[in-house]
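Down below is the structure, laid out as structure tokens.
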Amino acid sequence: MSDFSSTRRALLKAGGLSVAFMWLGAPKPALALVSPHRQAGDAEAAAADGAPAFTPNAFVRIDASGVIRLVMPMVEMGQAIYTGSCMLLAEELDVDLDQIQVEHAPPSDALYGMRILKAQITGGSTSTRSTFTELRQAGAIARTLLVAAAAARWKVAPEACTVERGVIHHRPSGRSLKYAQVAAAAARLPDPGAVKLKSPGEFRLLGKPMARLDSDDKIRGATRFGIDVSLPGMRIATVQACPTLGGTLASVNDRATRAIPGVVDVLRIDNAVAVVATHFWAARRGMEALDIVWNHGPNAALTTQQLRDGLAASQASGKAIVGKEVGSRPNGDTIQATYKLPMLAHATMEPLNATVHITAERCEIWAGTQVPTRVVANAARITGLPVEKIVLHPQYLGGGFGRRLETDYVDQAVAFARLVHCPLKIIWTREEDIRHDIVRPMYHDVISAVVDSKGYPVWLGDRVCSATVLGRWRPGGMRKNGLDGDAIECVADVPYAIPNLKVEWVRHDMPPGLLVGWWRGVGALHNLFIVESFLDELAHRAKADPVAWRRTLLRNNPRSTAVLDLAASKMGWGSPLPPRVGRGVALGEPFGSKVCAMVEVEVSPQGDVRLRRAVVAVDCGIPVNTGSIEAQIQGGLLFGLSAALFNEVTIKHGAIQQSNFNDYRMIRMNETPDVEVHIVHSTEAPGGIGEVGTAIAAPALANAIYAATGVRLRELPIRRELLAQKGSAT
């Protein structure tokens, strides 16, 4: 098992993977991103890392003791990226996974910025796509230098040497050297430049089902997440912000709270209160005892219906930006449908939390975050300290789903920590976590098609209306014409042979205080539901089998045809089913992968949906760890099915109504179907996987429900009253 080491840095304040890092770069895109070669900043990073004997690039460390370490540019939040990245490095370094220790990378866009996202960000199913070649090159460069150093000592050609488990052999003379024995000499050699990588036929590790490196510790409860941080002299607090979105704090009567044993203090900032205690339960009881008066602000009367009405008005008359147009709209039979999707909360397993200790000299932060450089930059702004004095201790994330791409929970903890003189751990309750989520935006789409005499679309048009996440989160990422490209993902480039296409987007911003954010599956999640549901409508309207109908439209797309056929074969598509049981299909190409999901459901006369079975076929290019791919597809599909069945965020009196899993519920174990995953072994470039299952789940479910009941669902979540006593599909 790989040793997830904490290293020997003097800045280390806590165990596990909590390694302290000083800021190593500015929070902006850098020219050199994820480079396997030596670059400016490597020496400083290596010095902060304990000055290992061999540091050929930002990712590889070999200590004099022989320990091999991988400095991870991404964070681990359950997606098994640490295991996959170790496999990439180990494959080319010619070591095995049990020989590699892993540590979090310091916050540095310059050294660890993702090639696709242009910054040190974990999200968007980009981790493997951004590092598949670069981490392999990093391992190959290190191996090349180490072998060259050994060959020079033996005065032989490097080509005459082989490597097994980090030991360099010269078979003709029987000599061998461990990597550690030549590490210092290899460090003095110049960068070798271009290196030859293994071909897929030479892989020892890649493409195999490897056990996750962090599983044993998680099973034993040894893995430490942000919520587990414990420091000498630390106090624990819970918080409550104004329930009305955008509201502020007016006054607090804390007399009853201060009388509760264990309560230490009550802190105030402009829009929130924190109760500080010696343990969480005292802080929670103290919060419940507070008498708080809020200034509810301009959103005090806001409702979900007002938001929907505003979105509908913009859909009807707002100025549209054309995202993509191919050909022109012909005359002919036109079919049109309106689809509406709700706001969603993230509800990660680990509630939001951060631990902060501020002194006159520096600010230390312990937190799980998908955006370490943003955390550091914001902490510097809040404290007034230079970024060089901000120390980040990255933690494992107990789920991200896009929520920890935001820094509000860390920013708030820093603001409260300024008011005390000890380390302060802020833990949001589950209620606070959901009520103050940065939600997935709602959508209102009008999609239409002109069909030929056989019912196949010859023109597809989609008018998307929504708020923009990108416009808030990274305004510079918007296209020159003002388009948010995420809003039209997976509809601007459908996999089907549809000769004419027009996709446009109408921007409709939410009221100030109601923030929208990324949610697992991002733009593909929303658009695949609409496109695949609507195309299913067209297939049934043409009285065609939905799989055969799609296969005809995929005539120029062999990879997507292959996953469609594979899924249909494994599902047994077309075999007879009982009444009110149906199968649904959905196909897409999200995040550079090709995927087809099929779901089988039974709908009771009362409208209850029972998931019987699910089959997913996926071509994600060259597979790294087939075990992780299967797990990610299974987990992602269930996440998406759960949201489609149950989840919606609603607003009343300017506040989110949902508060915990009783009213924002998840799929339960007894409701979970068997999920078969079938992986196409491809030689194409890697695609993403972490969000693929989520993005394709809802349309497969909705299409299955139509097949079982004849009810076409154009809104989510699913309303059981619409399905009650509707009879079987005709």
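Residues in the structure tokens are numbered from 1 in each chain, the chains being A, B, ... in the order shown, and ligands are numbered from 1 in the order shown.
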
From a DSSP calculation on the backbone, collect every residue of segment 324-564 of chain A in strand (DSSP E or B) and output the set as a PyMOL selection string.
-> chain A and resi 324-326+333-341+343-344+353-358+363-367+390-394+396+424-427+439-440+443-451+457-466+500-507+516

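Closest approach to Ile651 of chain A among A:Leu307, A:Val71, A:Leu392, A:Val458 is made by A:Leu307 (distances from only C-alpha atoms).
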
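Atom pair atom CA of Ile121 of chain A / atom CA of Pro107 of chain A: separated by 9.9 Å.
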
Would you kindly return, as a ChimeraX atom specification, each protein, DNA or RNA residue with an atom no farther than 9 Å from any atom of Phe534 of chain A, considering only C-alpha atoms and excluding same-chain residues fewer than 2 positions away?
-> /A:336-337,447-448,529-532,536-539,714

Could you take the residues named above and write them with N, CA and C atoms, as a compact mmCIF listing (two decimals), in the first residue's frame?
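And here's selection-v9.txt as it stands now:
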# COMPACT_ATOMS: atom_id res chain seq x y z
N GLN A 336 -41.89 21.31 -30.80
CA GLN A 336 -41.28 22.19 -29.80
C GLN A 336 -41.67 21.74 -28.40
N ALA A 337 -40.77 21.92 -27.44
CA ALA A 337 -41.05 21.56 -26.06
C ALA A 337 -40.32 22.53 -25.14
N ILE A 447 -36.76 24.05 -26.70
CA ILE A 447 -36.03 23.29 -27.70
C ILE A 447 -37.01 22.86 -28.80
N SER A 448 -36.54 22.87 -30.02
CA SER A 448 -37.43 22.56 -31.15
C SER A 448 -36.65 21.86 -32.24
N PHE A 529 -30.00 16.27 -20.24
CA PHE A 529 -31.38 15.94 -19.87
C PHE A 529 -32.35 16.46 -20.92
N ILE A 530 -32.15 17.68 -21.35
CA ILE A 530 -33.09 18.29 -22.29
C ILE A 530 -32.95 17.69 -23.69
N VAL A 531 -31.73 17.58 -24.18
CA VAL A 531 -31.53 17.08 -25.54
C VAL A 531 -31.95 15.62 -25.65
N GLU A 532 -31.51 14.78 -24.72
CA GLU A 532 -31.81 13.35 -24.82
C GLU A 532 -33.28 13.05 -24.53
N ASP A 536 -35.73 11.66 -27.51
CA ASP A 536 -36.57 10.50 -27.21
C ASP A 536 -38.02 10.78 -27.60
N GLU A 537 -38.47 12.00 -27.37
CA GLU A 537 -39.81 12.40 -27.83
C GLU A 537 -39.93 12.21 -29.33
N LEU A 538 -38.91 12.67 -30.06
CA LEU A 538 -38.97 12.56 -31.51
C LEU A 538 -39.01 11.11 -31.96
N ALA A 539 -38.22 10.26 -31.29
CA ALA A 539 -38.21 8.84 -31.66
C ALA A 539 -39.58 8.21 -31.45
N ARG A 714 -40.95 16.90 -18.39
CA ARG A 714 -40.13 18.00 -18.89
C ARG A 714 -39.66 18.90 -17.76

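The gap separating atom CA of Arg143 of chain A from atom CA of Gly166 of chain A is 8.7 Å, in Å to one decimal.
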
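In this structure, atom CA of Ala492 of chain A sits 6.0 Å away from atom CA of Lys324 of chain A.
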
Name all residues at most 12 Å from Arg235 of chain A (count only C-alpha atoms; drop same-chain ones fewer than 6 positions away) and give them as number ranges by chain.
-> A: 229, 262-265, 274-280, 282-283, 355-357, 416-417, 420-427

Residues of the last selection are to be written out with N, CA and C atoms, as a short mmCIF file (atom, residue, chain, number, x, y, z; two decimals), in the first residue's frame.
data_model
loop_
_atom_site.label_atom_id
_atom_site.label_comp_id
_atom_site.auth_asym_id
_atom_site.auth_seq_id
_atom_site.Cartn_x
_atom_site.Cartn_y
_atom_site.Cartn_z
N VAL A 229 -9.54 18.15 11.98
CA VAL A 229 -8.34 18.86 12.43
C VAL A 229 -8.43 19.15 13.93
N GLY A 262 -19.34 25.42 28.61
CA GLY A 262 -18.53 25.15 27.43
C GLY A 262 -18.48 26.29 26.46
N VAL A 263 -19.46 27.21 26.50
CA VAL A 263 -19.43 28.36 25.60
C VAL A 263 -18.35 29.33 26.05
N VAL A 264 -17.53 29.78 25.11
CA VAL A 264 -16.40 30.65 25.39
C VAL A 264 -16.68 32.09 24.97
N ASP A 265 -17.30 32.27 23.80
CA ASP A 265 -17.50 33.62 23.28
C ASP A 265 -18.58 33.61 22.20
N ALA A 274 -21.07 33.74 15.24
CA ALA A 274 -20.41 32.48 15.59
C ALA A 274 -20.42 32.31 17.10
N VAL A 275 -20.75 31.11 17.55
CA VAL A 275 -20.66 30.76 18.96
C VAL A 275 -19.43 29.89 19.13
N VAL A 276 -18.49 30.35 19.95
CA VAL A 276 -17.22 29.66 20.17
C VAL A 276 -17.33 28.88 21.47
N ALA A 277 -16.88 27.62 21.45
CA ALA A 277 -16.99 26.78 22.63
C ALA A 277 -15.81 25.82 22.69
N THR A 278 -15.78 25.05 23.76
CA THR A 278 -14.73 24.05 23.91
C THR A 278 -15.03 22.78 23.12
N HIS A 279 -16.30 22.61 22.73
CA HIS A 279 -16.67 21.47 21.90
C HIS A 279 -17.89 21.85 21.07
N PHE A 280 -18.14 21.07 20.02
CA PHE A 280 -19.16 21.45 19.05
C PHE A 280 -20.56 21.46 19.66
N ALA A 282 -21.61 22.15 22.63
CA ALA A 282 -21.84 23.39 23.38
C ALA A 282 -22.05 24.56 22.43
N ALA A 283 -21.27 24.60 21.35
CA ALA A 283 -21.44 25.68 20.36
C ALA A 283 -22.82 25.58 19.71
N THR A 355 -10.39 25.59 9.62
CA THR A 355 -9.70 25.95 10.86
C THR A 355 -8.67 27.02 10.52
N VAL A 356 -8.64 28.08 11.31
CA VAL A 356 -7.77 29.21 11.02
C VAL A 356 -7.09 29.67 12.29
N HIS A 357 -5.80 30.00 12.20
CA HIS A 357 -5.05 30.60 13.31
C HIS A 357 -4.29 31.81 12.76
N PHE A 416 -13.81 35.51 11.17
CA PHE A 416 -14.05 35.26 12.58
C PHE A 416 -12.75 35.04 13.35
N ALA A 417 -11.78 34.36 12.74
CA ALA A 417 -10.52 34.07 13.42
C ALA A 417 -9.74 35.34 13.75
N VAL A 420 -10.21 36.43 17.50
CA VAL A 420 -9.75 35.62 18.63
C VAL A 420 -8.24 35.47 18.57
N HIS A 421 -7.66 34.90 19.61
CA HIS A 421 -6.20 34.76 19.69
C HIS A 421 -5.76 33.30 19.70
N CYS A 422 -6.67 32.40 19.37
CA CYS A 422 -6.35 30.97 19.37
C CYS A 422 -6.76 30.38 18.03
N PRO A 423 -6.33 29.16 17.74
CA PRO A 423 -6.85 28.49 16.54
C PRO A 423 -8.35 28.29 16.67
N LEU A 424 -9.07 28.59 15.60
CA LEU A 424 -10.53 28.52 15.61
C LEU A 424 -11.01 27.62 14.49
N LYS A 425 -11.73 26.57 14.87
CA LYS A 425 -12.34 25.68 13.86
C LYS A 425 -13.81 26.02 13.72
N ILE A 426 -14.20 26.42 12.51
CA ILE A 426 -15.60 26.73 12.21
C ILE A 426 -16.21 25.53 11.51
N ILE A 427 -17.32 25.02 12.03
CA ILE A 427 -18.05 23.92 11.40
C ILE A 427 -19.47 24.39 11.14
#

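Taking only C-alpha atoms into account, Gly78 of chain A lies nearest to A:Leu213 out of the set A:Leu213, A:Ala497, A:Ala180, A:Val581.
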
Between A:Glu432, A:Glu648, A:Glu92, A:Asp309, which is the closest to Cys242 of chain A once you count only C-alpha atoms?
-> A:Glu432

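Within 8 Å of Gly113 of chain A, once only C-alpha atoms are used and residues closer than 2 positions along the same chain are dropped, the contacting residues are A:Pro29, A:Ala30, A:Leu33, A:Val34, A:Pro73, A:Ser108, A:Asp109, A:Ala110, A:Leu111, A:Arg115, A:Leu117, A:Lys118, A:Ala119, A:Gln120, A:Ile121.
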
Write out the residues from the selection above, keeping N, CA and C atoms, as a compact mmCIF listing (two decimals), in the first residue's frame.
# COMPACT_ATOMS: atom_id res chain seq x y z
N PRO A 29 -3.66 32.89 -14.07
CA PRO A 29 -3.12 31.89 -14.99
C PRO A 29 -1.66 32.16 -15.29
N ALA A 30 -0.87 31.11 -15.32
CA ALA A 30 0.55 31.24 -15.59
C ALA A 30 0.86 30.76 -17.00
N LEU A 33 2.08 25.70 -17.33
CA LEU A 33 1.11 24.96 -16.53
C LEU A 33 1.42 23.48 -16.58
N VAL A 34 1.47 22.86 -15.43
CA VAL A 34 1.69 21.42 -15.31
C VAL A 34 2.83 20.97 -16.20
N PRO A 73 -0.83 17.85 -7.89
CA PRO A 73 -1.39 19.16 -8.21
C PRO A 73 -2.89 19.25 -7.95
N SER A 108 0.05 27.03 -5.99
CA SER A 108 0.87 27.72 -7.00
C SER A 108 0.29 27.46 -8.38
N ASP A 109 -0.34 28.48 -8.96
CA ASP A 109 -0.81 28.35 -10.34
C ASP A 109 0.36 28.14 -11.29
N ALA A 110 1.51 28.76 -10.99
CA ALA A 110 2.65 28.69 -11.90
C ALA A 110 3.19 27.27 -12.03
N LEU A 111 3.21 26.52 -10.91
CA LEU A 111 3.77 25.17 -10.94
C LEU A 111 2.70 24.09 -11.13
N ARG A 115 -3.80 22.37 -17.07
CA ARG A 115 -3.70 22.79 -18.46
C ARG A 115 -5.04 23.21 -19.04
N LEU A 117 -7.95 24.10 -17.23
CA LEU A 117 -8.59 25.17 -16.47
C LEU A 117 -7.68 26.38 -16.27
N LYS A 118 -6.42 26.26 -16.64
CA LYS A 118 -5.47 27.38 -16.60
C LYS A 118 -5.26 27.92 -15.18
N ALA A 119 -5.40 27.08 -14.18
CA ALA A 119 -5.14 27.47 -12.80
C ALA A 119 -5.13 26.19 -11.97
N GLN A 120 -4.70 26.30 -10.72
CA GLN A 120 -4.65 25.14 -9.84
C GLN A 120 -6.06 24.89 -9.28
N ILE A 121 -6.83 24.19 -10.07
CA ILE A 121 -8.24 23.94 -9.77
C ILE A 121 -8.52 22.45 -10.00

At a cut-off of 10 Å, using only C-alpha atoms, what residues contact Ala562 of chain A? Leave out same-chain residues fewer than 4 positions from it and give the result as a PDB file with N, CA and C atoms, in the first residue's frame.
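Dumped to part.pdb:
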ATOM      1  N   ARG A 551     -29.311   5.036 -33.363  1.00  0.00           N
ATOM      2  CA  ARG A 551     -28.237   4.414 -34.146  1.00  0.00           C
ATOM      3  C   ARG A 551     -28.203   4.978 -35.564  1.00  0.00           C
ATOM      4  N   LEU A 554     -26.452   8.192 -35.574  1.00  0.00           N
ATOM      5  CA  LEU A 554     -25.030   8.068 -35.231  1.00  0.00           C
ATOM      6  C   LEU A 554     -24.225   7.452 -36.374  1.00  0.00           C
ATOM      7  N   ASN A 557     -20.608   8.322 -36.471  1.00  0.00           N
ATOM      8  CA  ASN A 557     -19.967   8.397 -35.159  1.00  0.00           C
ATOM      9  C   ASN A 557     -19.757   6.992 -34.610  1.00  0.00           C
ATOM     10  N   PRO A 558     -18.687   6.331 -35.028  1.00  0.00           N
ATOM     11  CA  PRO A 558     -18.506   4.929 -34.622  1.00  0.00           C
ATOM     12  C   PRO A 558     -18.266   4.739 -33.125  1.00  0.00           C
ATOM     13  N   LEU A 566     -23.134  -1.527 -27.119  1.00  0.00           N
ATOM     14  CA  LEU A 566     -22.656  -2.285 -25.961  1.00  0.00           C
ATOM     15  C   LEU A 566     -23.682  -2.230 -24.828  1.00  0.00           C
ATOM     16  N   ALA A 567     -24.196  -1.046 -24.552  1.00  0.00           N
ATOM     17  CA  ALA A 567     -25.184  -0.910 -23.484  1.00  0.00           C
ATOM     18  C   ALA A 567     -26.456  -1.683 -23.816  1.00  0.00           C
ATOM     19  N   ALA A 568     -26.903  -1.584 -25.062  1.00  0.00           N
ATOM     20  CA  ALA A 568     -28.125  -2.286 -25.464  1.00  0.00           C
ATOM     21  C   ALA A 568     -27.967  -3.799 -25.331  1.00  0.00           C
ATOM     22  N   LYS A 594     -17.367   9.245 -24.227  1.00  0.00           N
ATOM     23  CA  LYS A 594     -18.590   8.788 -24.892  1.00  0.00           C
ATOM     24  C   LYS A 594     -19.302   7.862 -23.913  1.00  0.00           C
ATOM     25  N   VAL A 595     -20.598   8.103 -23.674  1.00  0.00           N
ATOM     26  CA  VAL A 595     -21.298   7.320 -22.660  1.00  0.00           C
ATOM     27  C   VAL A 595     -22.726   7.056 -23.092  1.00  0.00           C
ATOM     28  N   CYS A 596     -23.189   5.877 -22.745  1.00  0.00           N
ATOM     29  CA  CYS A 596     -24.588   5.522 -22.947  1.00  0.00           C
ATOM     30  C   CYS A 596     -25.098   4.884 -21.659  1.00  0.00           C
ATOM     31  N   ALA A 617     -22.413   2.013 -20.536  1.00  0.00           N
ATOM     32  CA  ALA A 617     -21.233   1.725 -21.350  1.00  0.00           C
ATOM     33  C   ALA A 617     -20.487   3.032 -21.550  1.00  0.00           C
ATOM     34  N   VAL A 618     -19.178   3.006 -21.375  1.00  0.00           N
ATOM     35  CA  VAL A 618     -18.403   4.239 -21.445  1.00  0.00           C
ATOM     36  C   VAL A 618     -17.100   4.013 -22.195  1.00  0.00           C
ATOM     37  N   ASP A 619     -16.788   4.962 -23.057  1.00  0.00           N
ATOM     38  CA  ASP A 619     -15.499   5.027 -23.744  1.00  0.00           C
ATOM     39  C   ASP A 619     -14.866   6.339 -23.317  1.00  0.00           C
ATOM     40  N   VAL A 680     -15.145   0.472 -22.582  1.00  0.00           N
ATOM     41  CA  VAL A 680     -14.509   0.231 -23.871  1.00  0.00           C
ATOM     42  C   VAL A 680     -13.018   0.509 -23.729  1.00  0.00           C
TER      43      VAL A 680
END

Any idea what's packed within 10 Å of Val494 of chain A, counting only C-alpha atoms, ignoring anything in its chain fewer than 6 positions away? Could you give it as a PyMOL selection string?
-> chain A and resi 460+501+528+531-532+587-590

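Closest approach to Gly654 of chain A among A:Arg430, A:Lys196, A:His436, A:His540 is made by A:His436 (distances from only C-alpha atoms).
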
May I have all residues of segment 454-568 of chain A that DSSP, computed from the backbone, assigns to helix (DSSP H, G or I), given as an NGL selection string?
-> :A and (470-473 or 475-477 or 485-488 or 522-541 or 546-553 or 558-568)

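The shortest atom-to-atom distance to Ile227 of chain A, with only C-alpha atoms taken into account, belongs to A:Trp366 out of A:Trp281, A:Tyr339, A:Tyr112, A:Trp366.
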
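Nearest residue to Leu245 of chain A, choosing from A:Val439, A:Ile269, A:Leu205, A:Ile629 and counting only C-alpha atoms: A:Val439.
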